[in-house]
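Chemist: Below: one structure in structure tokens.
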Amino acid sequence: MNRAGGDVEIPLDLAPPAGWRHEPDPSGIGIGVLSPNDAISDEYPSFAGETDTILADASRMLDAGHPASALLGLTAAYHEDTQRLPDLHPLWARAYDDLDRPLFHERLDVMLEDHPQAF
């Protein structure tokens with residue numbers, strides 16, 4: 001805040017609405033996920049290590065009805081290694097679909113189209 005420049009302090013209430021929960025990005029890079037309480041598991045998702053382990057964990061969380069937890073792990077895994085995008089995309093897209101976030105799904109598709117392919 002720069003009071004000398006005329007900026008005014010504006011208090012912000014960033015608390016999630018009733019029945020919703022915010023979980024920070026486990027990689028520390030993104031903003032995390034805001035979703036209904038029941039879309040987030042009490043279990044923390046895998047996001048580092050082998051891609052197969054991350055995908056298995058995300059799939060299990062999606063199947064259990066916790067798409068926000070899967071989303072946390074998938075986005076953090078991407079932040080840890082952007083080259084994983086083609087592998088992460090199907091479950092990541094499913095998480096957005098399960099959370100009814102079609103615009104994020106569309107953006108994810110554009111990310112995949114723009115992703116440099118390894119030869």
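Chain labels follow the order of the structure tokens: the first chain is A, the next B, and so on; residue numbering restarts at 1 in every chain, and ligands are counted from 1 in their shown order.
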I want to know what sits within 10 Å of Thr82 (chain A), based on only C-alpha atoms, with residues of the same chain fewer than 5 positions away left out; could you give that as a list in words?
Modeler: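 Once the nearby chain positions are removed, what remains is Thr75, Ala76, Ala77, Leu88, His115 and Pro116 of chain A.
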Chemist: Show which residues sit within 12 Å of region 28-37 of chain A, as JSON, numbers by chain. Count only C-alpha atoms, and ignore same-chain residues fewer than 3 positions away.
Modeler: {"A": [14, 15, 16, 17, 18, 19, 20, 21, 22, 23, 24, 25, 40, 41, 42, 47, 65, 66, 67, 68, 69, 70, 71, 72, 73, 74, 75, 76, 77, 78, 79, 80, 81, 95, 96, 98, 99, 100, 101]}
Chemist: From a DSSP pass on the backbone, collect the residues of chain A flagged as helix (DSSP H, G or I) and hand them back as a PyMOL selection string.
Modeler: chain A and resi 37-39+51-63+67-80+82-98+102-114
Chemist: DSSP on the backbone, then: every residue of chain A marked strand (DSSP E), written as a VMD selection string.
Modeler: chain A and resid 20 to 23 33 to 36
Chemist: What separation in Å, quoted to one decimal, exists between CA of His105 (chain A) and CA of Ala93 (chain A)?
Modeler: 5.5 Å
Chemist: Near Asp52 (chain A), counting only C-alpha atoms, which residues have an atom at most 10 Å away, once you skip same-chain residues fewer than 5 positions from it, shown as a list in words?
Modeler: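 My reading of the contact set: Asp57, Ala58, Asp87 and Leu88 of chain A.
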Chemist: Rounded to one decimal place, report the CA of Glu106 (chain A)-CA of Trp92 (chain A) distance in Å.
Modeler: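 Answer for the CA of Glu106 (chain A) to CA of Trp92 (chain A) separation: 11.3 Å.
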Chemist: From the list A:His89, A:Asp63, A:Val8, A:Asp38, which residue is nearest Phe104 (chain A) when using only C-alpha atoms?
Modeler: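 The answer is A:His89, which sits nearest to Phe104 (chain A).
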